[in-house]
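Dropping structure-v2.pdb in here (PDB, C-alpha atoms, pLDDT in the B column):
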ATOM      1  CA  GLU N   1      -9.431   8.313 -16.537  1.00 66.00           C
ATOM      2  CA  ALA N   2     -10.982   8.314 -13.058  1.00 80.00           C
ATOM      3  CA  GLY N   3      -8.939   6.778 -10.279  1.00 92.00           C
ATOM      4  CA  VAL N   4     -10.068   4.571  -7.440  1.00 96.00           C
ATOM      5  CA  VAL N   5     -12.908   6.298  -5.598  1.00 96.00           C
ATOM      6  CA  GLN N   6     -13.602   5.725  -1.922  1.00 97.00           C
ATOM      7  CA  SER N   7     -16.204   7.045   0.465  1.00 97.00           C
ATOM      8  CA  PRO N   8     -16.544   8.349   3.051  1.00 97.00           C
ATOM      9  CA  ARG N   9     -13.168  10.066   3.439  1.00 96.00           C
ATOM     10  CA  TYR N  10     -13.638  10.385   7.194  1.00 97.00           C
ATOM     11  CA  LYS N  11     -15.862   8.613   9.691  1.00 97.00           C
ATOM     12  CA  ILE N  12     -16.107   9.008  13.452  1.00 97.00           C
ATOM     13  CA  ILE N  13     -18.212   6.511  15.369  1.00 97.00           C
ATOM     14  CA  GLU N  14     -18.576   5.202  18.878  1.00 97.00           C
ATOM     15  CA  LYS N  15     -17.416   1.695  19.700  1.00 95.00           C
ATOM     16  CA  LYS N  16     -19.889  -1.084  19.060  1.00 96.00           C
ATOM     17  CA  GLN N  17     -21.458   0.873  16.203  1.00 97.00           C
ATOM     18  CA  PRO N  18     -21.399  -0.453  12.627  1.00 97.00           C
ATOM     19  CA  VAL N  19     -19.581   1.266   9.780  1.00 98.00           C
ATOM     20  CA  ALA N  20     -19.309   0.663   6.040  1.00 98.00           C
ATOM     21  CA  PHE N  21     -16.846   1.824   3.416  1.00 98.00           C
ATOM     22  CA  TRP N  22     -17.409   1.884  -0.311  1.00 97.00           C
ATOM     23  CA  CYS N  23     -14.940   1.581  -3.165  1.00 97.00           C
ATOM     24  CA  ASN N  24     -15.254   1.956  -6.917  1.00 96.00           C
ATOM     25  CA  PRO N  25     -12.128   0.676  -8.694  1.00 95.00           C
ATOM     26  CA  ILE N  26     -10.642   1.858 -11.955  1.00 94.00           C
ATOM     27  CA  SER N  27     -12.757   0.730 -14.883  1.00 92.00           C
ATOM     28  CA  GLY N  28     -11.531  -2.571 -16.281  1.00 90.00           C
ATOM     29  CA  HIS N  29      -9.509  -3.545 -13.223  1.00 91.00           C
ATOM     30  CA  ASN N  30     -10.529  -7.049 -12.251  1.00 90.00           C
ATOM     31  CA  THR N  31      -8.566  -7.207  -9.014  1.00 91.00           C
ATOM     32  CA  LEU N  32      -9.687  -5.222  -5.988  1.00 94.00           C
ATOM     33  CA  TYR N  33      -7.966  -4.987  -2.621  1.00 95.00           C
ATOM     34  CA  TRP N  34      -8.876  -3.681   0.797  1.00 97.00           C
ATOM     35  CA  TYR N  35      -5.920  -2.673   2.968  1.00 96.00           C
ATOM     36  CA  ARG N  36      -5.802  -1.295   6.491  1.00 97.00           C
ATOM     37  CA  GLN N  37      -3.113   1.162   7.479  1.00 95.00           C
ATOM     38  CA  ASN N  38      -2.486   1.841  11.141  1.00 94.00           C
ATOM     39  CA  LEU N  39      -0.676   4.974  12.212  1.00 90.00           C
ATOM     40  CA  GLY N  40       3.048   4.722  11.478  1.00 88.00           C
ATOM     41  CA  GLN N  41       2.687   1.387   9.693  1.00 91.00           C
ATOM     42  CA  GLY N  42       2.490   0.218   6.117  1.00 93.00           C
ATOM     43  CA  PRO N  43      -0.751  -0.993   4.548  1.00 94.00           C
ATOM     44  CA  GLU N  44      -1.793  -4.531   5.483  1.00 94.00           C
ATOM     45  CA  LEU N  45      -3.982  -6.603   3.197  1.00 93.00           C
ATOM     46  CA  LEU N  46      -7.445  -7.465   4.493  1.00 96.00           C
ATOM     47  CA  ILE N  47      -8.972  -9.049   1.406  1.00 95.00           C
ATOM     48  CA  ARG N  48      -8.328  -9.430  -2.317  1.00 93.00           C
ATOM     49  CA  TYR N  49     -10.959 -10.010  -4.997  1.00 93.00           C
ATOM     50  CA  GLU N  50     -10.545 -11.393  -8.482  1.00 90.00           C
ATOM     51  CA  ASN N  51     -13.750 -10.188 -10.117  1.00 90.00           C
ATOM     52  CA  GLU N  52     -16.465 -11.120  -7.602  1.00 91.00           C
ATOM     53  CA  GLU N  53     -14.487 -13.909  -5.919  1.00 91.00           C
ATOM     54  CA  ALA N  54     -12.591 -13.331  -2.685  1.00 92.00           C
ATOM     55  CA  VAL N  55      -9.314 -15.141  -3.415  1.00 88.00           C
ATOM     56  CA  ASP N  56      -7.372 -14.039  -0.328  1.00 88.00           C
ATOM     57  CA  ASP N  57      -9.218 -13.173   2.884  1.00 91.00           C
ATOM     58  CA  SER N  58      -6.866 -14.841   5.342  1.00 87.00           C
ATOM     59  CA  GLN N  59      -6.132 -11.547   7.105  1.00 89.00           C
ATOM     60  CA  LEU N  60      -9.752 -10.443   7.423  1.00 93.00           C
ATOM     61  CA  PRO N  61     -11.071 -10.631  11.026  1.00 92.00           C
ATOM     62  CA  LYS N  62     -14.198 -12.485  10.064  1.00 90.00           C
ATOM     63  CA  ASP N  63     -15.910 -12.172  13.420  1.00 94.00           C
ATOM     64  CA  ARG N  64     -16.583  -8.496  12.816  1.00 96.00           C
ATOM     65  CA  PHE N  65     -15.426  -7.656   9.299  1.00 97.00           C
ATOM     66  CA  SER N  66     -17.211  -8.521   6.087  1.00 96.00           C
ATOM     67  CA  ALA N  67     -16.773  -7.502   2.471  1.00 97.00           C
ATOM     68  CA  GLU N  68     -18.596  -7.979  -0.755  1.00 95.00           C
ATOM     69  CA  ARG N  69     -18.113  -7.317  -4.442  1.00 94.00           C
ATOM     70  CA  LEU N  70     -21.359  -8.630  -5.817  1.00 82.00           C
ATOM     71  CA  LYS N  71     -21.090  -7.661  -9.477  1.00 86.00           C
ATOM     72  CA  GLY N  72     -17.320  -7.722  -9.710  1.00 83.00           C
ATOM     73  CA  VAL N  73     -17.052  -3.933  -9.838  1.00 91.00           C
ATOM     74  CA  ASP N  74     -17.536  -1.817  -6.708  1.00 95.00           C
ATOM     75  CA  SER N  75     -17.060  -3.194  -3.232  1.00 97.00           C
ATOM     76  CA  THR N  76     -18.166  -2.576   0.343  1.00 97.00           C
ATOM     77  CA  LEU N  77     -16.215  -3.270   3.517  1.00 98.00           C
ATOM     78  CA  LYS N  78     -18.222  -3.458   6.743  1.00 97.00           C
ATOM     79  CA  ILE N  79     -17.245  -3.555  10.391  1.00 97.00           C
ATOM     80  CA  GLN N  80     -19.844  -4.575  12.951  1.00 96.00           C
ATOM     81  CA  PRO N  81     -19.398  -3.915  15.776  1.00 96.00           C
ATOM     82  CA  ALA N  82     -16.448  -1.528  15.643  1.00 96.00           C
ATOM     83  CA  GLU N  83     -13.786  -1.614  18.365  1.00 96.00           C
ATOM     84  CA  LEU N  84     -11.320   1.042  19.473  1.00 96.00           C
ATOM     85  CA  GLY N  85      -8.481  -0.822  17.763  1.00 95.00           C
ATOM     86  CA  ASP N  86     -10.217  -0.549  14.399  1.00 97.00           C
ATOM     87  CA  SER N  87      -9.242   3.106  14.147  1.00 97.00           C
ATOM     88  CA  ALA N  88      -7.128   3.260  10.988  1.00 97.00           C
ATOM     89  CA  VAL N  89      -7.159   4.306   7.354  1.00 96.00           C
ATOM     90  CA  TYR N  90      -8.914   1.793   5.124  1.00 98.00           C
ATOM     91  CA  LEU N  91      -7.440   1.815   1.645  1.00 97.00           C
ATOM     92  CA  CYS N  92      -8.982   0.346  -1.461  1.00 97.00           C
ATOM     93  CA  ALA N  93      -6.814  -0.478  -4.452  1.00 95.00           C
ATOM     94  CA  SER N  94      -7.299  -2.058  -7.841  1.00 94.00           C
ATOM     95  CA  SER N  95      -5.089  -3.555 -10.508  1.00 89.00           C
ATOM     96  CA  LEU N  96      -5.181  -5.378 -13.794  1.00 84.00           C
ATOM     97  CA  SER N  97      -4.919  -9.058 -12.969  1.00 68.00           C
ATOM     98  CA  ASN N  98      -1.587  -9.574 -14.632  1.00 54.00           C
ATOM     99  CA  THR N  99       0.389  -6.632 -13.232  1.00 60.00           C
ATOM    100  CA  GLY N 100       1.809  -5.949  -9.803  1.00 68.00           C
ATOM    101  CA  GLU N 101       1.059  -2.238  -9.816  1.00 82.00           C
ATOM    102  CA  LEU N 102      -1.742  -1.316  -7.462  1.00 89.00           C
ATOM    103  CA  PHE N 103      -3.662   1.927  -7.812  1.00 93.00           C
ATOM    104  CA  PHE N 104      -4.880   3.192  -4.461  1.00 95.00           C
ATOM    105  CA  GLY N 105      -7.794   5.380  -3.518  1.00 96.00           C
ATOM    106  CA  GLU N 106      -7.402   8.246  -1.054  1.00 95.00           C
ATOM    107  CA  GLY N 107      -8.555   6.066   1.813  1.00 96.00           C
ATOM    108  CA  SER N 108     -11.270   6.229   4.456  1.00 97.00           C
ATOM    109  CA  ARG N 109     -10.068   7.356   7.861  1.00 96.00           C
ATOM    110  CA  LEU N 110     -11.992   5.704  10.679  1.00 97.00           C
ATOM    111  CA  THR N 111     -11.923   6.967  14.251  1.00 97.00           C
ATOM    112  CA  VAL N 112     -13.634   4.809  16.877  1.00 97.00           C
ATOM    113  CA  LEU N 113     -14.330   6.593  20.169  1.00 96.00           C
TER     114      LEU N 113
ATOM    115  CA  ASP T   1       6.542 -11.532  11.458  1.00 69.00           C
ATOM    116  CA  GLN T   2       7.655  -8.441   9.546  1.00 79.00           C
ATOM    117  CA  GLN T   3       8.651  -9.808   6.144  1.00 92.00           C
ATOM    118  CA  VAL T   4       9.424  -6.388   4.686  1.00 96.00           C
ATOM    119  CA  LYS T   5      11.256  -3.928   6.871  1.00 96.00           C
ATOM    120  CA  GLN T   6      12.293  -0.319   6.456  1.00 97.00           C
ATOM    121  CA  ASN T   7      14.557   0.398   9.371  1.00 91.00           C
ATOM    122  CA  SER T   8      14.722   4.159   8.967  1.00 94.00           C
ATOM    123  CA  PRO T   9      11.496   5.905   9.976  1.00 95.00           C
ATOM    124  CA  SER T  10      12.778   9.193   8.618  1.00 97.00           C
ATOM    125  CA  LEU T  11      15.425  10.704   6.366  1.00 97.00           C
ATOM    126  CA  SER T  12      16.335  14.331   5.794  1.00 97.00           C
ATOM    127  CA  VAL T  13      18.430  15.543   2.835  1.00 98.00           C
ATOM    128  CA  GLN T  14      19.294  18.806   1.152  1.00 98.00           C
ATOM    129  CA  GLU T  15      17.781  19.744  -2.165  1.00 97.00           C
ATOM    130  CA  GLY T  16      19.982  18.603  -5.033  1.00 97.00           C
ATOM    131  CA  ARG T  17      21.647  15.832  -3.057  1.00 97.00           C
ATOM    132  CA  ILE T  18      21.003  12.101  -3.280  1.00 98.00           C
ATOM    133  CA  SER T  19      18.307  10.417  -1.189  1.00 98.00           C
ATOM    134  CA  ILE T  20      18.808   6.724  -0.444  1.00 98.00           C
ATOM    135  CA  LEU T  21      15.949   4.776   1.062  1.00 98.00           C
ATOM    136  CA  ASN T  22      16.547   1.207   2.173  1.00 98.00           C
ATOM    137  CA  CYS T  23      14.398  -1.880   2.510  1.00 98.00           C
ATOM    138  CA  ASP T  24      15.118  -5.426   3.691  1.00 97.00           C
ATOM    139  CA  TYR T  25      13.005  -8.523   3.238  1.00 97.00           C
ATOM    140  CA  THR T  26      13.083 -12.020   4.662  1.00 96.00           C
ATOM    141  CA  ASN T  27      10.898 -14.061   2.313  1.00 91.00           C
ATOM    142  CA  SER T  28      13.096 -15.567  -0.403  1.00 91.00           C
ATOM    143  CA  MET T  29       9.976 -16.296  -2.452  1.00 89.00           C
ATOM    144  CA  PHE T  30       9.436 -12.596  -3.151  1.00 92.00           C
ATOM    145  CA  ASP T  31      10.217 -11.964  -6.794  1.00 89.00           C
ATOM    146  CA  TYR T  32       8.646  -8.576  -7.432  1.00 90.00           C
ATOM    147  CA  PHE T  33       9.354  -5.350  -5.611  1.00 93.00           C
ATOM    148  CA  LEU T  34       7.794  -1.912  -5.767  1.00 93.00           C
ATOM    149  CA  TRP T  35       8.198   1.508  -4.229  1.00 97.00           C
ATOM    150  CA  TYR T  36       5.200   3.696  -3.448  1.00 96.00           C
ATOM    151  CA  LYS T  37       5.105   7.344  -2.440  1.00 97.00           C
ATOM    152  CA  LYS T  38       2.449   8.770  -0.161  1.00 95.00           C
ATOM    153  CA  TYR T  39       1.544  12.373   0.512  1.00 94.00           C
ATOM    154  CA  PRO T  40      -0.572  13.288   3.574  1.00 91.00           C
ATOM    155  CA  ALA T  41      -4.288  12.571   3.184  1.00 86.00           C
ATOM    156  CA  GLU T  42      -3.709  10.771  -0.110  1.00 90.00           C
ATOM    157  CA  GLY T  43      -3.406   7.121  -1.054  1.00 92.00           C
ATOM    158  CA  PRO T  44      -0.019   5.644  -1.973  1.00 94.00           C
ATOM    159  CA  THR T  45       1.009   6.123  -5.601  1.00 94.00           C
ATOM    160  CA  PHE T  46       3.229   3.780  -7.557  1.00 93.00           C
ATOM    161  CA  LEU T  47       6.747   5.034  -8.171  1.00 96.00           C
ATOM    162  CA  ILE T  48       8.963   2.299  -9.593  1.00 96.00           C
ATOM    163  CA  SER T  49       9.280  -1.487  -9.594  1.00 93.00           C
ATOM    164  CA  ILE T  50      11.841  -4.203 -10.184  1.00 94.00           C
ATOM    165  CA  SER T  51      11.604  -7.933 -10.756  1.00 91.00           C
ATOM    166  CA  SER T  52      14.022 -10.429  -9.285  1.00 92.00           C
ATOM    167  CA  ILE T  53      15.637 -11.100 -12.665  1.00 93.00           C
ATOM    168  CA  LYS T  54      17.135  -7.617 -12.607  1.00 95.00           C
ATOM    169  CA  ASP T  55      19.416  -5.830 -10.187  1.00 96.00           C
ATOM    170  CA  LYS T  56      18.683  -2.286 -11.298  1.00 97.00           C
ATOM    171  CA  ASN T  57      15.818  -0.319 -12.772  1.00 97.00           C
ATOM    172  CA  GLU T  58      15.955   3.363 -13.598  1.00 97.00           C
ATOM    173  CA  ASP T  59      13.218   5.876 -14.315  1.00 96.00           C
ATOM    174  CA  GLY T  60      14.338   9.471 -14.555  1.00 97.00           C
ATOM    175  CA  ARG T  61      15.582  10.625 -11.168  1.00 97.00           C
ATOM    176  CA  PHE T  62      14.569   7.358  -9.510  1.00 98.00           C
ATOM    177  CA  THR T  63      16.636   4.172  -9.488  1.00 98.00           C
ATOM    178  CA  VAL T  64      15.890   0.991  -7.600  1.00 98.00           C
ATOM    179  CA  PHE T  65      18.670  -1.471  -6.821  1.00 98.00           C
ATOM    180  CA  LEU T  66      18.059  -5.076  -5.819  1.00 97.00           C
ATOM    181  CA  ASN T  67      20.586  -7.270  -4.024  1.00 97.00           C
ATOM    182  CA  LYS T  68      18.962 -10.708  -3.881  1.00 95.00           C
ATOM    183  CA  SER T  69      21.751 -12.380  -1.933  1.00 95.00           C
ATOM    184  CA  ALA T  70      21.410  -9.777   0.816  1.00 96.00           C
ATOM    185  CA  LYS T  71      17.614  -9.586   0.458  1.00 97.00           C
ATOM    186  CA  HIS T  72      17.965  -5.848   0.242  1.00 97.00           C
ATOM    187  CA  LEU T  73      16.708  -3.154  -2.061  1.00 97.00           C
ATOM    188  CA  SER T  74      17.187   0.551  -2.146  1.00 98.00           C
ATOM    189  CA  LEU T  75      15.655   3.543  -3.856  1.00 98.00           C
ATOM    190  CA  HIS T  76      17.932   6.345  -5.021  1.00 98.00           C
ATOM    191  CA  ILE T  77      16.566   9.767  -5.850  1.00 98.00           C
ATOM    192  CA  VAL T  78      18.975  12.075  -7.655  1.00 97.00           C
ATOM    193  CA  PRO T  79      18.764  15.014  -7.494  1.00 97.00           C
ATOM    194  CA  SER T  80      16.322  15.293  -4.606  1.00 98.00           C
ATOM    195  CA  GLN T  81      13.659  17.992  -4.813  1.00 97.00           C
ATOM    196  CA  PRO T  82      11.423  19.504  -2.102  1.00 97.00           C
ATOM    197  CA  GLY T  83       8.400  17.968  -3.873  1.00 96.00           C
ATOM    198  CA  ASP T  84       9.866  14.537  -3.166  1.00 97.00           C
ATOM    199  CA  SER T  85       9.084  15.028   0.525  1.00 98.00           C
ATOM    200  CA  ALA T  86       6.655  12.201   1.330  1.00 97.00           C
ATOM    201  CA  VAL T  87       6.445   8.805   2.977  1.00 97.00           C
ATOM    202  CA  TYR T  88       8.018   6.070   0.850  1.00 98.00           C
ATOM    203  CA  PHE T  89       6.836   2.479   1.172  1.00 97.00           C
ATOM    204  CA  CYS T  90       8.697  -0.557  -0.045  1.00 97.00           C
ATOM    205  CA  ALA T  91       6.486  -3.493  -1.092  1.00 94.00           C
ATOM    206  CA  ALA T  92       7.191  -7.051  -2.164  1.00 93.00           C
ATOM    207  CA  GLY T  93       5.199  -9.868  -3.711  1.00 89.00           C
ATOM    208  CA  GLU T  94       5.686 -13.482  -4.785  1.00 85.00           C
ATOM    209  CA  THR T  95       4.248 -13.231  -8.268  1.00 75.00           C
ATOM    210  CA  SER T  96       3.161 -10.300 -10.330  1.00 56.00           C
ATOM    211  CA  GLY T  97      -0.361  -9.288  -9.372  1.00 53.00           C
ATOM    212  CA  SER T  98      -0.440 -11.229  -6.104  1.00 67.00           C
ATOM    213  CA  ARG T  99      -0.624  -9.980  -2.517  1.00 79.00           C
ATOM    214  CA  LEU T 100       1.876  -7.233  -1.740  1.00 87.00           C
ATOM    215  CA  THR T 101       3.523  -6.967   1.655  1.00 91.00           C
ATOM    216  CA  PHE T 102       4.468  -3.428   2.629  1.00 94.00           C
ATOM    217  CA  GLY T 103       7.182  -2.057   4.862  1.00 96.00           C
ATOM    218  CA  GLU T 104       6.493   0.501   7.569  1.00 95.00           C
ATOM    219  CA  GLY T 105       7.506   3.447   5.447  1.00 96.00           C
ATOM    220  CA  THR T 106      10.232   6.097   5.576  1.00 97.00           C
ATOM    221  CA  GLN T 107       9.397   9.791   5.843  1.00 97.00           C
ATOM    222  CA  LEU T 108      11.673  11.672   3.435  1.00 98.00           C
ATOM    223  CA  THR T 109      12.120  15.400   3.940  1.00 98.00           C
ATOM    224  CA  VAL T 110      13.996  17.355   1.280  1.00 97.00           C
ATOM    225  CA  ASN T 111      15.062  20.744   2.573  1.00 96.00           C
ATOM    226  CA  PRO T 112      15.394  23.698   0.162  1.00 93.00           C
TER     227      PRO T 112
END

Turn this file's structure into structure tokens for me.
Amino acid sequence: EAGVVQSPRYKIIEKKQPVAFWCNPISGHNTLYWYRQNLGQGPELLIRYENEEAVDDSQLPKDRFSAERLKGVDSTLKIQPAELGDSAVYLCASSLSNTGELFFGEGSRLTVL
Amino acid sequence: DQQVKQNSPSLSVQEGRISILNCDYTNSMFDYFLWYKKYPAEGPTFLISISSIKDKNEDGRFTVFLNKSAKHLSLHIVPSQPGDSAVYFCAAGETSGSRLTFGEGTQLTVNP
């Protein structure tokens, strides 16, 4: 069974540029999460989807971050414009709705210069 | 407000000995706890979990202990192996399948 797939693995951009990350969750997993992990810190939730509905986006900086999961399967996380402090690893995870175990992708490492 | 805290950034043990990783939490509403392991350049992978109705859960070499009164949990690895060297994250949630709050992680190094 394929795991959570993310792309790109690495992205280097200059500040004020836009960037987008893509995630394909494990087949059949209704719940999808985007986490951000700063260096030396644990993952922090940005947004959680139940199917196509964003049920928890309280930690998403909505002035520059946006996310979508139009058909309730894959998802895109966008940052526009990027700032220096956005440099981090962006992790996508998925789970069956009724379990606490999250399956993570390998992450997308963003460097903003 | 750090609701889940791992106070030890790193831990070094000898192969074959016990590794004990600790985690403290402040939110008394947390009722589900998990440990994740992370290798460099990979995403975290699930290791073991425990619900608040239990005080111990064991899976092979890994045992998680939960002390609800102290709001403390620990992960024991016995015997430790060099392949266990990774960053270990403690995570907690209020209900199964809800938002998880992660600790900062502890880098475990198991020396041959």

Quick one: everything within 6 Å of range 79-86 of chain T, counting only C-alpha atoms, minus sequence neighbours fewer than 3 positions away in the same chain. Send it as a ChimeraX atom specification.
-> /T:15-18,38-39,107-110

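Picked by the PyMOL selection byres ((chain T and resi 25) around 9) from the coordinates shown: Gln2, Gln3, Val4, Lys5, Gln6, Cys23, Asp24, Thr26, Asn27, Ser28, Phe30, Ala70, Lys71, His72, Leu73, Ala92 and Gly103 of chain T.
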
Please evaluate the ChimeraX specification (/N :<9) & /T against the structure above and give the resulting residues as a PyMOL selection string.
-> chain T and resi 9+32-34+41-46+49+89-90+93+95-105

Atom pair CA of Val112 in chain N / CA of Ser7 in chain N: separation (Å) =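 These two atoms are separated by 16.8 Å.
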
Got a sec to resolve the PyMOL selection byres ((chain N and resi 11) around 6) on this structure and send the residues as a PyMOL selection string?
-> chain N and resi 10+12+110

Select, from T:Thr106, T:Asn67, T:Ser8, T:Ser52, the residue with the minimum atom-to-atom distance to Tyr36 in chain T, counting all atoms listed in the file.
-> T:Thr106

Surrounding residues of Asn30 in chain N excluding itself and chain neighbours under 6 positions, 9 Å, only C-alpha atoms, as number ranges by chain = N: 49-52, 72-73, 94-97

Could you tell me how far CA of Ala82 in chain N lies from CA of Ala20 in chain N, in Å and to one decimal?
-> 10.3 Å

Output of range 76-112 of chain N limited to C-alpha atoms, as an mmCIF file, in the first residue's frame:
data_model
loop_
_atom_site.group_PDB
_atom_site.id
_atom_site.type_symbol
_atom_site.label_atom_id
_atom_site.label_comp_id
_atom_site.auth_asym_id
_atom_site.auth_seq_id
_atom_site.Cartn_x
_atom_site.Cartn_y
_atom_site.Cartn_z
ATOM 1 C CA THR N 76 -2.533 21.677 -1.879
ATOM 2 C CA LEU N 77 -1.016 24.103 0.604
ATOM 3 C CA LYS N 78 -0.019 27.518 -0.743
ATOM 4 C CA ILE N 79 1.995 30.374 0.693
ATOM 5 C CA GLN N 80 1.821 33.760 -0.995
ATOM 6 C CA PRO N 81 3.912 35.742 -0.433
ATOM 7 C CA ALA N 82 6.534 33.719 1.422
ATOM 8 C CA GLU N 83 8.498 35.286 4.284
ATOM 9 C CA LEU N 84 11.856 34.342 5.766
ATOM 10 C CA GLY N 85 10.139 32.867 8.822
ATOM 11 C CA ASP N 86 8.229 30.399 6.661
ATOM 12 C CA SER N 87 11.357 28.301 6.222
ATOM 13 C CA ALA N 88 10.393 24.927 7.689
ATOM 14 C CA VAL N 89 9.400 21.390 6.792
ATOM 15 C CA TYR N 90 5.763 21.109 5.763
ATOM 16 C CA LEU N 91 4.370 17.708 6.642
ATOM 17 C CA CYS N 92 1.201 16.163 5.318
ATOM 18 C CA ALA N 93 -0.472 13.343 7.206
ATOM 19 C CA SER N 94 -3.619 11.295 6.860
ATOM 20 C CA SER N 95 -5.672 9.031 9.073
ATOM 21 C CA LEU N 96 -8.872 7.062 9.191
ATOM 22 C CA SER N 97 -11.426 9.292 10.859
ATOM 23 C CA ASN N 98 -11.886 7.124 13.895
ATOM 24 C CA THR N 99 -8.263 6.447 14.862
ATOM 25 C CA GLY N 100 -5.608 8.645 16.398
ATOM 26 C CA GLU N 101 -2.734 7.235 14.378
ATOM 27 C CA LEU N 102 -1.458 9.657 11.782
ATOM 28 C CA PHE N 103 0.573 8.508 8.802
ATOM 29 C CA PHE N 104 3.025 11.163 7.682
ATOM 30 C CA GLY N 105 4.601 11.866 4.336
ATOM 31 C CA GLU N 106 8.317 12.593 4.012
ATOM 32 C CA GLY N 107 7.694 16.322 4.117
ATOM 33 C CA SER N 108 8.511 19.296 1.910
ATOM 34 C CA ARG N 109 11.466 21.345 3.083
ATOM 35 C CA LEU N 110 11.068 25.028 2.280
ATOM 36 C CA THR N 111 13.944 27.493 2.380
ATOM 37 C CA VAL N 112 13.082 31.171 1.929
#
